[in-house]
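Have a look at the structure below before the remarks.
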Amino acid sequence: MRTRLSRVIALLAATAATALTLLVSASPAQAESPILGVLSLSAASGTVTDTPFVASATTNAPCPSGYGDNASLRAGKPGGPYALLGRIGGDGGYDTAASVTLPASRSLTTVLGGTPADGDYEVVVTCSGVLTGVHPKSFSTYITVTGADWRVKAAAATTTTVRGSAHVVKAGRTLTLTAAVTPAGNGPVTFTDGTTALGTVQAAAGTATLATTGLAKGWHQIGASFTPDDPRAQLASSSKCSWWVYVY
Amino acid sequence: MKVRTFSATIVGIGAAILSLALTASPASADPNPAPPPYGQLAGVGSDTTQDVLNGFAAVIDDASGNPVIDSWNAQGAALKTKASGCSNIARPNGSSQGRDALIASTDGTAWQGQTITNCVDFARSSAGPRASGTKYTYVPFGVDAVTVAINSNSLLPTNVTFTQIQRIYQCLDNNIGGEPVTPLLPQSGSGTRQFWLAKMGVTEADISGGLYPCLTDLGNTVQEHDGRVLNGHDDYILPFSVAQYLAQSNSAAIQTATGVSVTDRRGPAILVSVNGVNPVSSGNLNTSFPVVRDVYNVIPTAKKTTAPFSTMFVGSSSALCTKTVLVGGTAKRVTELFGFGHRATTVGTGTDKLGCGVDVLTGDK
C-alpha cells in the first residue's frame, strides 16, 4: 500500500516536473509562416486561357483581424507582383467569416499579360483594411504552367524520424531528443511521450532538438510530428517508429 | 394637353432625329410642352430636377386639358413665362438663381435689374433653405442620392464603406484593396460636386489651397452626370447622381411617356453600393441609401394652401407625389421614372428626410 502510494506521489511529481520542463524549455524561436494560409481553387487544373481561370478560390481561414474590409484574388510570379483575377471583394467582414471565397473573372493569360512561360506561378488572396492597408502576407497556392495547361502544384511529402541520446537514462538526467525532417524543411516539430506533448521546437534545415529532464521513471514512447511553415511546399508528417526510452 | 401634346410629340421626334444625327445633348421643348397656352405655375431653377419637372408638366393637365406647370430649364435663352408681360427675363441658372428669381417675383425686388413681379411661381431647388424664416416653403417631392460610379470593366469592388470613400476623397488612401484609384470630381460649380464635397468633408477652398492633390476634375472637363469619362480608365471613381443614372437608363420610356428627351450618357459607368446598401432597389432609387438629399419645389408660404400650389405640390396626395404614367402597361410614378426616390413619410425627427409633399421646411431665402 505504501509502495503504491509512493508511486502515485512520484508520478504526480514527475507530471509536475514535466509541466515545468514544458514551461521552461519549450520556448523555441517561432519562425513565421510566409503565408496567412492556403488557398483552395475550385478546379485543380485547366488551361491558361480558361475564362474565368477558376470559378472561385477559398481560403482556409479568415483574414487577419482588422484586415477584413476588402479581399482580392490575384495571380503572378511567386512572390509577386500579383494582378487581379476577379473583382475585389467589397462586402467586408472577411476577418470574421470562417473563410473567404472570391470569384475569378479573367483568364491566367489575361492576368499575366500574355501567354505565360512554363513554370510556377502563385495564386493569392490578399486582405486589406480601410485603416490598416493591405496585409503583407496572403493566402496562397502554387500552380505550374506547362504549355497551354496549368495545374495545382502539389506539396512534397516529408518523412519525420525521431531518436534520443539514449535508450536508458537515470531520472533527472538530460535526455536529448532529435527529430529529422526530410527533405529538410522548416516548421514546428512537436515531441510527444505517448499522447502527452513534451514540447514544440522549430525545425531549422530539417532538424529539431528538445532536451528534457522531466521524464518519470518507467518506459516512454517518444514520437515527433512536423508541421511545415509553408504548406504549399511540404506536407506534414509524423514519426512512424517511436524512440523507446527507460527512465530508472 | 391636347394641342401641346401634339406639338410636343413633333418636337420630341425632331429632337430624337437630331440626337441620332448629331448625338446632341438633351433637346426637349422648353418648357415641355411648349406654350402657349401658358400654365398657371411658372418654375425655374435647378438643373438637377429640370427633367422631372418637364415630365410632370407634360402629363399633368387642368380641367381644360391644358398644362398646369411650365418649367424652364436651367440653361437657354431669355424667358417669357406668362401670356402677357414677363418677357425677356434673364434665365435663372440653377437652384440659387431660381430662388432669387422667385423672391424677386414675390416681393417686387429686381431680378438682374428687371422687375419680374408674378412672373415666377416656384423655384426648383436641390438644396435646402439658405436663411431661416417662414416666407418660403421647401416642399420635397423626391429623393436624390449620390454614389461613386466605376467602369464596368474595372475590378474595383461594387461595395465600399463610407469611411473608405471619404478617406479616398480626403487623399488619405490612394487604393482599394491594393488597387489604385483616381478620385474624380465633376466640373466646378456643379451641384453634384458641391453636394459630394460636403459629404466628403472637403472644401473648395482647401482644394484651391492644394491640400487635396489627389482630386482631379481633369482640367474642369468632367461633366456632371456623364459616365463616358470612365472609358478606358479602370482606376477612375466618379461621383454620380443616382437619379440621373436611373433617368438615363429610362430614357426610352421617358421619351415615350412624357416626350422629354434624356440622353443616355452613362457610358461604362456602374454604380457602387455604400456600406452594403445598393443605391438602386427594384429599379428605383433606394431612399435608404446612406448618401441622399431631398429635392424641393420652393413656393411662397402664403400660397401653399391655394390651388394649384396646394394641389400640385403640398401633401402626400398632391399631383407631384402621386402622378403615374404607364410604362410597358404598368403604372410608374413619374418621380421614379425620372430616377428620383419616393419617400412616403418623413424619416426621423429632422427635416432632412421629409415625406413627399410635407410642408414643414421653410426659409426666407
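Each chain in the C-alpha cells gets a letter, A, B and so on, in the order shown; residues start at 1 in every chain, and ligands are counted from 1 in the order they appear.
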
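Selecting chain A residues within 6 Å of chain B and counting only C-alpha atoms yields Asn70, Arg87, Ile88, Gly89, Gly90, Ser128 and Val130 of chain A.
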
List as an MDAnalysis selection string the protein and nucleic acid residues near Thr117 of chain B, meaning an atom at most 9 Å away when only C-alpha atoms are counted, but skip any in the same chain fewer than 3 places from it.
chainID B and resid 86 102 104:110 120

Now that the selection is made, can you save its residues with N, CA and C atoms as a PDB file, in the first residue's frame?
```pdb
ATOM      1  N   CYS B  86     -43.782  89.691 -68.452  1.00  0.00           N
ATOM      2  CA  CYS B  86     -42.847  88.601 -68.122  1.00  0.00           C
ATOM      3  C   CYS B  86     -42.006  88.158 -69.320  1.00  0.00           C
ATOM      4  N   LEU B 102     -37.504  83.700 -57.772  1.00  0.00           N
ATOM      5  CA  LEU B 102     -38.798  83.541 -57.098  1.00  0.00           C
ATOM      6  C   LEU B 102     -39.007  84.660 -56.070  1.00  0.00           C
ATOM      7  N   ALA B 104     -37.671  87.667 -56.118  1.00  0.00           N
ATOM      8  CA  ALA B 104     -37.922  88.909 -56.859  1.00  0.00           C
ATOM      9  C   ALA B 104     -39.362  88.961 -57.357  1.00  0.00           C
ATOM     10  N   SER B 105     -39.830  87.818 -57.832  1.00  0.00           N
ATOM     11  CA  SER B 105     -41.196  87.745 -58.355  1.00  0.00           C
ATOM     12  C   SER B 105     -42.216  87.954 -57.240  1.00  0.00           C
ATOM     13  N   THR B 106     -41.875  87.495 -56.046  1.00  0.00           N
ATOM     14  CA  THR B 106     -42.827  87.546 -54.936  1.00  0.00           C
ATOM     15  C   THR B 106     -42.860  88.908 -54.254  1.00  0.00           C
ATOM     16  N   ASP B 107     -41.675  89.487 -54.010  1.00  0.00           N
ATOM     17  CA  ASP B 107     -41.674  90.737 -53.235  1.00  0.00           C
ATOM     18  C   ASP B 107     -41.409  91.984 -54.073  1.00  0.00           C
ATOM     19  N   GLY B 108     -41.275  91.838 -55.374  1.00  0.00           N
ATOM     20  CA  GLY B 108     -41.180  93.001 -56.249  1.00  0.00           C
ATOM     21  C   GLY B 108     -39.782  93.582 -56.398  1.00  0.00           C
ATOM     22  N   THR B 109     -38.788  92.927 -55.777  1.00  0.00           N
ATOM     23  CA  THR B 109     -37.414  93.403 -55.966  1.00  0.00           C
ATOM     24  C   THR B 109     -36.930  93.006 -57.364  1.00  0.00           C
ATOM     25  N   ALA B 110     -35.808  93.573 -57.737  1.00  0.00           N
ATOM     26  CA  ALA B 110     -35.334  93.355 -59.109  1.00  0.00           C
ATOM     27  C   ALA B 110     -34.610  92.011 -59.229  1.00  0.00           C
ATOM     28  N   VAL B 120     -42.663  84.464 -61.793  1.00  0.00           N
ATOM     29  CA  VAL B 120     -42.165  83.145 -61.379  1.00  0.00           C
ATOM     30  C   VAL B 120     -42.989  82.684 -60.183  1.00  0.00           C
TER      31      VAL B 120
END
```

Closest of B:Tyr169, B:Tyr38, B:Phe195, B:Phe162 to Pro213 of chain B - atom-to-atom distances counting only C-alpha atoms
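Ranking B:Tyr169, B:Tyr38, B:Phe195, B:Phe162 by distance to Pro213 of chain B, first place goes to B:Tyr169.
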
From the list A:Gly214, A:Gly187, A:Gly114, A:Gly80, which residue is nearest Ala148 of chain A when using only C-alpha atoms?
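Closest residue, counting only C-alpha atoms: A:Gly114.
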
Find the residues around segment 99-101 of chain A up to 10 Å (only C-alpha atoms counted), leave out those fewer than 4 positions away in its own chain, and share them as a list in words.
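After dropping sequence-adjacent residues, the list is Leu39, Ser40, Leu41, Ser42, Ser56, Ala57, Thr58, Thr59, Asn60, Ala61, Pro62, Cys63, Gly68, Ala71, Ser72, Leu73, Gly89, Gly93, Tyr94, Asp95, Val125, Cys127 and Phe139 of chain A.
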
Using N, CA and C atoms, can you export the residues from the last selection as a PDB file, in the first residue's frame?
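Writing the result to part_4.pdb gives the following:
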```pdb
ATOM      1  N   LEU A  39      -4.800  28.356 -50.053  1.00  0.00           N
ATOM      2  CA  LEU A  39      -5.926  28.720 -50.886  1.00  0.00           C
ATOM      3  C   LEU A  39      -6.355  27.487 -51.672  1.00  0.00           C
ATOM      4  N   SER A  40      -7.645  27.206 -51.646  1.00  0.00           N
ATOM      5  CA  SER A  40      -8.160  26.080 -52.427  1.00  0.00           C
ATOM      6  C   SER A  40      -8.846  26.620 -53.672  1.00  0.00           C
ATOM      7  N   LEU A  41      -8.442  26.117 -54.819  1.00  0.00           N
ATOM      8  CA  LEU A  41      -9.079  26.519 -56.076  1.00  0.00           C
ATOM      9  C   LEU A  41     -10.217  25.561 -56.376  1.00  0.00           C
ATOM     10  N   SER A  42     -11.250  26.077 -57.036  1.00  0.00           N
ATOM     11  CA  SER A  42     -12.408  25.229 -57.318  1.00  0.00           C
ATOM     12  C   SER A  42     -12.100  24.194 -58.397  1.00  0.00           C
ATOM     13  N   SER A  56     -13.900  29.879 -58.507  1.00  0.00           N
ATOM     14  CA  SER A  56     -13.661  30.597 -57.257  1.00  0.00           C
ATOM     15  C   SER A  56     -12.456  30.026 -56.537  1.00  0.00           C
ATOM     16  N   ALA A  57     -12.018  30.763 -55.544  1.00  0.00           N
ATOM     17  CA  ALA A  57     -10.928  30.309 -54.677  1.00  0.00           C
ATOM     18  C   ALA A  57     -11.329  30.590 -53.236  1.00  0.00           C
ATOM     19  N   THR A  58     -10.980  29.661 -52.346  1.00  0.00           N
ATOM     20  CA  THR A  58     -11.417  29.765 -50.944  1.00  0.00           C
ATOM     21  C   THR A  58     -10.226  29.628 -50.009  1.00  0.00           C
ATOM     22  N   THR A  59     -10.159  30.514 -49.033  1.00  0.00           N
ATOM     23  CA  THR A  59      -9.080  30.455 -48.054  1.00  0.00           C
ATOM     24  C   THR A  59      -9.406  29.422 -46.976  1.00  0.00           C
ATOM     25  N   ASN A  60      -8.383  29.011 -46.234  1.00  0.00           N
ATOM     26  CA  ASN A  60      -8.618  28.028 -45.163  1.00  0.00           C
ATOM     27  C   ASN A  60      -8.812  28.684 -43.811  1.00  0.00           C
ATOM     28  N   ALA A  61      -8.874  30.030 -43.814  1.00  0.00           N
ATOM     29  CA  ALA A  61      -9.032  30.763 -42.550  1.00  0.00           C
ATOM     30  C   ALA A  61      -9.539  32.160 -42.885  1.00  0.00           C
ATOM     31  N   PRO A  62     -10.029  32.893 -41.888  1.00  0.00           N
ATOM     32  CA  PRO A  62     -10.428  34.282 -42.145  1.00  0.00           C
ATOM     33  C   PRO A  62      -9.219  35.185 -42.355  1.00  0.00           C
ATOM     34  N   CYS A  63      -9.459  36.364 -42.903  1.00  0.00           N
ATOM     35  CA  CYS A  63      -8.409  37.371 -42.973  1.00  0.00           C
ATOM     36  C   CYS A  63      -8.025  37.766 -41.551  1.00  0.00           C
ATOM     37  N   GLY A  68     -10.218  43.062 -42.772  1.00  0.00           N
ATOM     38  CA  GLY A  68     -11.373  42.374 -43.356  1.00  0.00           C
ATOM     39  C   GLY A  68     -12.279  43.222 -44.225  1.00  0.00           C
ATOM     40  N   ALA A  71     -10.987  42.019 -49.909  1.00  0.00           N
ATOM     41  CA  ALA A  71     -10.157  40.856 -50.197  1.00  0.00           C
ATOM     42  C   ALA A  71     -10.093  40.727 -51.709  1.00  0.00           C
ATOM     43  N   SER A  72      -8.925  40.367 -52.214  1.00  0.00           N
ATOM     44  CA  SER A  72      -8.822  40.258 -53.667  1.00  0.00           C
ATOM     45  C   SER A  72      -8.050  39.016 -54.086  1.00  0.00           C
ATOM     46  N   LEU A  73      -8.538  38.442 -55.169  1.00  0.00           N
ATOM     47  CA  LEU A  73      -7.944  37.229 -55.747  1.00  0.00           C
ATOM     48  C   LEU A  73      -7.006  37.664 -56.866  1.00  0.00           C
ATOM     49  N   GLY A  89     -13.305  41.919 -53.602  1.00  0.00           N
ATOM     50  CA  GLY A  89     -14.434  41.742 -52.697  1.00  0.00           C
ATOM     51  C   GLY A  89     -14.595  42.973 -51.825  1.00  0.00           C
ATOM     52  N   GLY A  93     -16.184  42.232 -43.584  1.00  0.00           N
ATOM     53  CA  GLY A  93     -16.362  41.101 -42.678  1.00  0.00           C
ATOM     54  C   GLY A  93     -15.490  39.905 -43.026  1.00  0.00           C
ATOM     55  N   TYR A  94     -14.485  40.109 -43.858  1.00  0.00           N
ATOM     56  CA  TYR A  94     -13.636  38.978 -44.253  1.00  0.00           C
ATOM     57  C   TYR A  94     -12.747  38.508 -43.101  1.00  0.00           C
ATOM     58  N   ASP A  95     -12.652  39.321 -42.036  1.00  0.00           N
ATOM     59  CA  ASP A  95     -11.848  38.901 -40.877  1.00  0.00           C
ATOM     60  C   ASP A  95     -12.699  38.207 -39.815  1.00  0.00           C
ATOM     61  N   VAL A 125      -4.905  35.253 -52.276  1.00  0.00           N
ATOM     62  CA  VAL A 125      -5.968  36.147 -51.810  1.00  0.00           C
ATOM     63  C   VAL A 125      -5.325  37.093 -50.803  1.00  0.00           C
ATOM     64  N   CYS A 127      -5.682  40.437 -48.190  1.00  0.00           N
ATOM     65  CA  CYS A 127      -6.672  41.026 -47.290  1.00  0.00           C
ATOM     66  C   CYS A 127      -6.264  42.462 -46.984  1.00  0.00           C
ATOM     67  N   PHE A 139      -3.044  34.558 -48.460  1.00  0.00           N
ATOM     68  CA  PHE A 139      -3.378  33.139 -48.640  1.00  0.00           C
ATOM     69  C   PHE A 139      -2.882  32.749 -50.023  1.00  0.00           C
TER      70      PHE A 139
END
```

Would you list the contacts of Asn93 of chain B as a list in words, taking every protein, DNA or RNA residue within 9 Å and counting only C-alpha atoms, but skipping same-chain residues closer than 2 positions in sequence?
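After dropping sequence-adjacent residues, the list is Val44, Gly45, Ser46, Asp47, Asn73, Ala74, Gln75, Gly76, Arg91, Ser95, Ser96, Gln97 and Gly98 of chain B.
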
Restricting the calculation to only C-alpha atoms: of A:Arg232, A:His135, A:Lys240, A:Arg151, which residue gets closest to Arg163 of chain A?
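Closest residue, counting only C-alpha atoms: A:Lys240.
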
Which residue of A:Val181, A:Thr195, A:Asp120, A:Ala204 approaches Ala154 of chain A most closely, using only C-alpha atoms:
A:Asp120

For atom CA of Leu285 of chain B and atom CA of Arg343 of chain B, quote the distance in Å rounded to one decimal.
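Here the two named atoms are 10.1 Å from each other.
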
Atom-to-atom span, atom CA of Thr256 of chain B and atom CA of Leu326 of chain B, Å:
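Atom CA of Leu326 of chain B lies at a distance of 9.6 Å from atom CA of Thr256 of chain B.
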
Output as a PyMOL selection string all residues of segment 3-219 of chain A that backbone DSSP marks as strand (DSSP E).
chain A and resi 37-41+45-47+56-59+70-76+82-84+101-103+119-129+133-146+149-152+159-164+168-169+175-182+187-193+196-203+207-212+218-219

What separation in Å, quoted to one decimal, exists between atom CA of Leu175 of chain A and atom CA of Thr212 of chain A?
5.3 Å

Need the shell around segment 184-192 of chain B: protein/DNA/RNA residues with any atom at most 10 Å away, counting only C-alpha atoms. Skip same-chain ones fewer than 6 positions apart. Format as a PyMOL selection string?
chain B and resi 46-48+94-95+126-127+145-148+169+198+204+214-226+229-230+235-241

Return as number ranges by chain the full set of residues in segment 51-245 of chain B whose backbone-based DSSP assignment is helix (DSSP H, G or I).
B: 51-59, 95-107, 162-169, 191-200, 204-208, 227-230, 242-245

Written selection (C-alpha atoms) as a CSV table (one decimal), in the first residue's frame:
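Output saved as again05.csv:
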```csv
chain,number,residue,atom,x,y,z
B,51,ASP,CA,-36.1,66.9,-66.5
B,52,VAL,CA,-38.6,65.5,-64.0
B,53,LEU,CA,-40.5,68.8,-63.8
B,54,ASN,CA,-40.6,68.8,-67.6
B,55,GLY,CA,-42.1,65.3,-67.2
B,56,PHE,CA,-44.7,66.4,-64.7
B,57,ALA,CA,-45.6,69.4,-66.9
B,58,ALA,CA,-46.2,67.1,-69.8
B,59,VAL,CA,-48.6,64.8,-68.0
B,95,SER,CA,-31.1,76.3,-57.6
B,96,SER,CA,-29.7,79.6,-56.2
B,97,GLN,CA,-30.7,81.8,-59.1
B,98,GLY,CA,-34.0,80.1,-59.3
B,99,ARG,CA,-34.8,81.0,-55.7
B,100,ASP,CA,-33.5,84.5,-56.2
B,101,ALA,CA,-35.9,84.9,-59.2
B,102,LEU,CA,-38.8,83.5,-57.1
B,103,ILE,CA,-38.0,86.1,-54.3
B,104,ALA,CA,-37.9,88.9,-56.9
B,105,SER,CA,-41.2,87.7,-58.4
B,106,THR,CA,-42.8,87.5,-54.9
B,107,ASP,CA,-41.7,90.7,-53.2
B,162,PHE,CA,-18.5,55.4,-46.5
B,163,THR,CA,-15.3,55.8,-44.4
B,164,GLN,CA,-13.3,54.2,-47.2
B,165,ILE,CA,-14.6,56.6,-49.9
B,166,GLN,CA,-14.2,59.6,-47.5
B,167,ARG,CA,-10.6,58.6,-46.9
B,168,ILE,CA,-10.0,58.4,-50.7
B,169,TYR,CA,-11.6,61.8,-51.3
B,191,GLY,CA,-24.5,70.6,-57.9
B,192,THR,CA,-23.2,67.0,-57.7
B,193,ARG,CA,-19.7,68.3,-56.9
B,194,GLN,CA,-20.9,70.7,-54.2
B,195,PHE,CA,-23.0,68.0,-52.5
B,196,TRP,CA,-20.3,65.3,-52.8
B,197,LEU,CA,-17.6,67.5,-51.4
B,198,ALA,CA,-19.8,68.5,-48.4
B,199,LYS,CA,-20.4,64.8,-47.7
B,200,MET,CA,-16.7,64.0,-48.1
B,204,GLU,CA,-13.3,74.1,-52.4
B,205,ALA,CA,-11.0,76.5,-50.5
B,206,ASP,CA,-8.8,73.6,-49.4
B,207,ILE,CA,-8.8,72.1,-52.9
B,208,SER,CA,-7.7,75.5,-54.2
B,227,GLY,CA,-20.1,58.4,-67.2
B,228,ARG,CA,-18.2,58.4,-70.5
B,229,VAL,CA,-15.2,59.9,-68.9
B,230,LEU,CA,-14.6,56.4,-67.3
B,242,VAL,CA,-28.3,58.1,-58.8
B,243,ALA,CA,-31.5,59.9,-60.1
B,244,GLN,CA,-29.6,60.9,-63.2
B,245,TYR,CA,-28.3,57.5,-63.7
```

Using only C-alpha atoms, determine which residues lie at most 8 Å from segment 137-143 of chain B, disregarding the query and same-chain residues fewer than 4 positions distant; provide the list as an MDAnalysis selection string.
chainID B and resid 128:129 285 287 292:301 304 313:314 320:321 335 340:343 354:363

Create the file for the chosen residues now, containing N, CA and C atoms and written as a CSV table (one decimal), in the first residue's frame.
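The result, stored in result_14.csv:
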```csv
chain,number,residue,atom,x,y,z
B,128,GLY,N,-31.6,72.9,-49.5
B,128,GLY,CA,-32.5,73.4,-48.5
B,128,GLY,C,-32.3,74.9,-48.4
B,129,PRO,N,-33.1,75.5,-47.4
B,129,PRO,CA,-33.1,76.9,-47.3
B,129,PRO,C,-31.7,77.5,-47.0
B,285,LEU,N,-34.7,54.3,-57.2
B,285,LEU,CA,-33.7,54.8,-56.2
B,285,LEU,C,-34.1,54.4,-54.8
B,287,THR,N,-34.3,55.0,-51.2
B,287,THR,CA,-34.2,56.1,-50.3
B,287,THR,C,-33.5,55.8,-49.0
B,292,VAL,N,-28.0,60.6,-49.3
B,292,VAL,CA,-29.2,61.1,-50.1
B,292,VAL,C,-29.5,62.6,-49.8
B,293,ARG,N,-30.2,63.2,-50.6
B,293,ARG,CA,-30.7,64.6,-50.4
B,293,ARG,C,-32.1,64.7,-51.0
B,294,ASP,N,-32.9,65.5,-50.3
B,294,ASP,CA,-34.2,65.7,-50.8
B,294,ASP,C,-34.1,66.8,-51.9
B,295,VAL,N,-35.0,66.7,-52.8
B,295,VAL,CA,-35.1,67.8,-53.8
B,295,VAL,C,-36.5,68.5,-53.7
B,296,TYR,N,-36.5,69.8,-53.9
B,296,TYR,CA,-37.7,70.6,-53.5
B,296,TYR,C,-38.2,71.4,-54.6
B,297,ASN,N,-39.5,71.8,-54.5
B,297,ASN,CA,-40.0,72.9,-55.2
B,297,ASN,C,-40.3,74.0,-54.1
B,298,VAL,N,-39.8,75.2,-54.3
B,298,VAL,CA,-39.9,76.2,-53.3
B,298,VAL,C,-41.1,77.1,-53.7
B,299,ILE,N,-42.0,77.3,-52.8
B,299,ILE,CA,-43.2,78.1,-53.1
B,299,ILE,C,-43.4,79.2,-52.0
B,300,PRO,N,-44.0,80.3,-52.3
B,300,PRO,CA,-44.3,81.3,-51.2
B,300,PRO,C,-45.2,80.6,-50.2
B,301,THR,N,-44.9,80.7,-49.0
B,301,THR,CA,-45.7,80.1,-47.9
B,301,THR,C,-47.1,80.6,-47.9
B,304,LYS,N,-49.4,78.4,-50.1
B,304,LYS,CA,-49.3,76.9,-50.1
B,304,LYS,C,-50.6,76.2,-49.9
B,313,PHE,N,-48.3,70.6,-55.3
B,313,PHE,CA,-47.1,70.4,-54.5
B,313,PHE,C,-47.3,69.9,-53.1
B,314,VAL,N,-48.3,70.3,-52.4
B,314,VAL,CA,-48.4,70.1,-51.0
B,314,VAL,C,-49.2,68.9,-50.6
B,320,LEU,N,-47.7,65.9,-57.6
B,320,LEU,CA,-46.3,65.5,-57.8
B,320,LEU,C,-45.9,64.3,-57.0
B,321,CYS,N,-46.7,64.0,-55.9
B,321,CYS,CA,-46.4,62.9,-55.1
B,321,CYS,C,-47.1,61.6,-55.6
B,335,THR,N,-42.0,60.5,-60.6
B,335,THR,CA,-40.8,60.8,-59.9
B,335,THR,C,-39.8,59.7,-60.1
B,340,PHE,N,-35.8,59.6,-59.4
B,340,PHE,CA,-35.8,60.1,-58.1
B,340,PHE,C,-36.5,59.1,-57.2
B,341,GLY,N,-36.1,59.0,-55.9
B,341,GLY,CA,-36.8,58.1,-55.0
B,341,GLY,C,-38.1,58.8,-54.4
B,342,HIS,N,-39.0,57.9,-54.0
B,342,HIS,CA,-40.3,58.4,-53.4
B,342,HIS,C,-40.3,58.0,-51.9
B,343,ARG,N,-40.3,59.0,-51.0
B,343,ARG,CA,-40.3,58.7,-49.6
B,343,ARG,C,-41.7,59.1,-49.1
B,354,LEU,N,-37.7,64.3,-45.4
B,354,LEU,CA,-39.1,64.5,-45.3
B,354,LEU,C,-39.9,63.6,-46.2
B,355,GLY,N,-41.2,63.4,-45.8
B,355,GLY,CA,-42.1,62.6,-46.7
B,355,GLY,C,-42.5,63.5,-47.9
B,356,CYS,N,-42.9,62.9,-49.0
B,356,CYS,CA,-43.3,63.7,-50.1
B,356,CYS,C,-44.4,64.6,-49.8
B,357,GLY,N,-44.2,65.9,-50.2
B,357,GLY,CA,-45.3,66.9,-50.0
B,357,GLY,C,-45.4,67.5,-48.6
B,358,VAL,N,-44.5,67.1,-47.7
B,358,VAL,CA,-44.6,67.6,-46.3
B,358,VAL,C,-44.2,69.1,-46.4
B,359,ASP,N,-44.9,70.0,-45.7
B,359,ASP,CA,-44.7,71.4,-45.9
B,359,ASP,C,-44.1,72.1,-44.6
B,360,VAL,N,-43.2,71.4,-43.9
B,360,VAL,CA,-42.7,72.0,-42.7
B,360,VAL,C,-41.4,72.7,-42.8
B,361,LEU,N,-40.7,72.6,-43.9
B,361,LEU,CA,-39.4,73.2,-44.0
B,361,LEU,C,-39.5,74.5,-44.7
B,362,THR,N,-39.1,75.6,-44.0
B,362,THR,CA,-39.3,76.9,-44.5
B,362,THR,C,-38.0,77.7,-44.4
B,363,GLY,N,-37.9,78.8,-45.1
B,363,GLY,CA,-36.8,79.7,-45.1
B,363,GLY,C,-37.2,81.0,-45.7
```

Do a neighbour search on Asn284 of chain B at 7 Å with only C-alpha atoms, toss out local chain neighbours closer than 4 positions, and write the hits as a VMD selection string.
chain B and resid 280 336 339 341
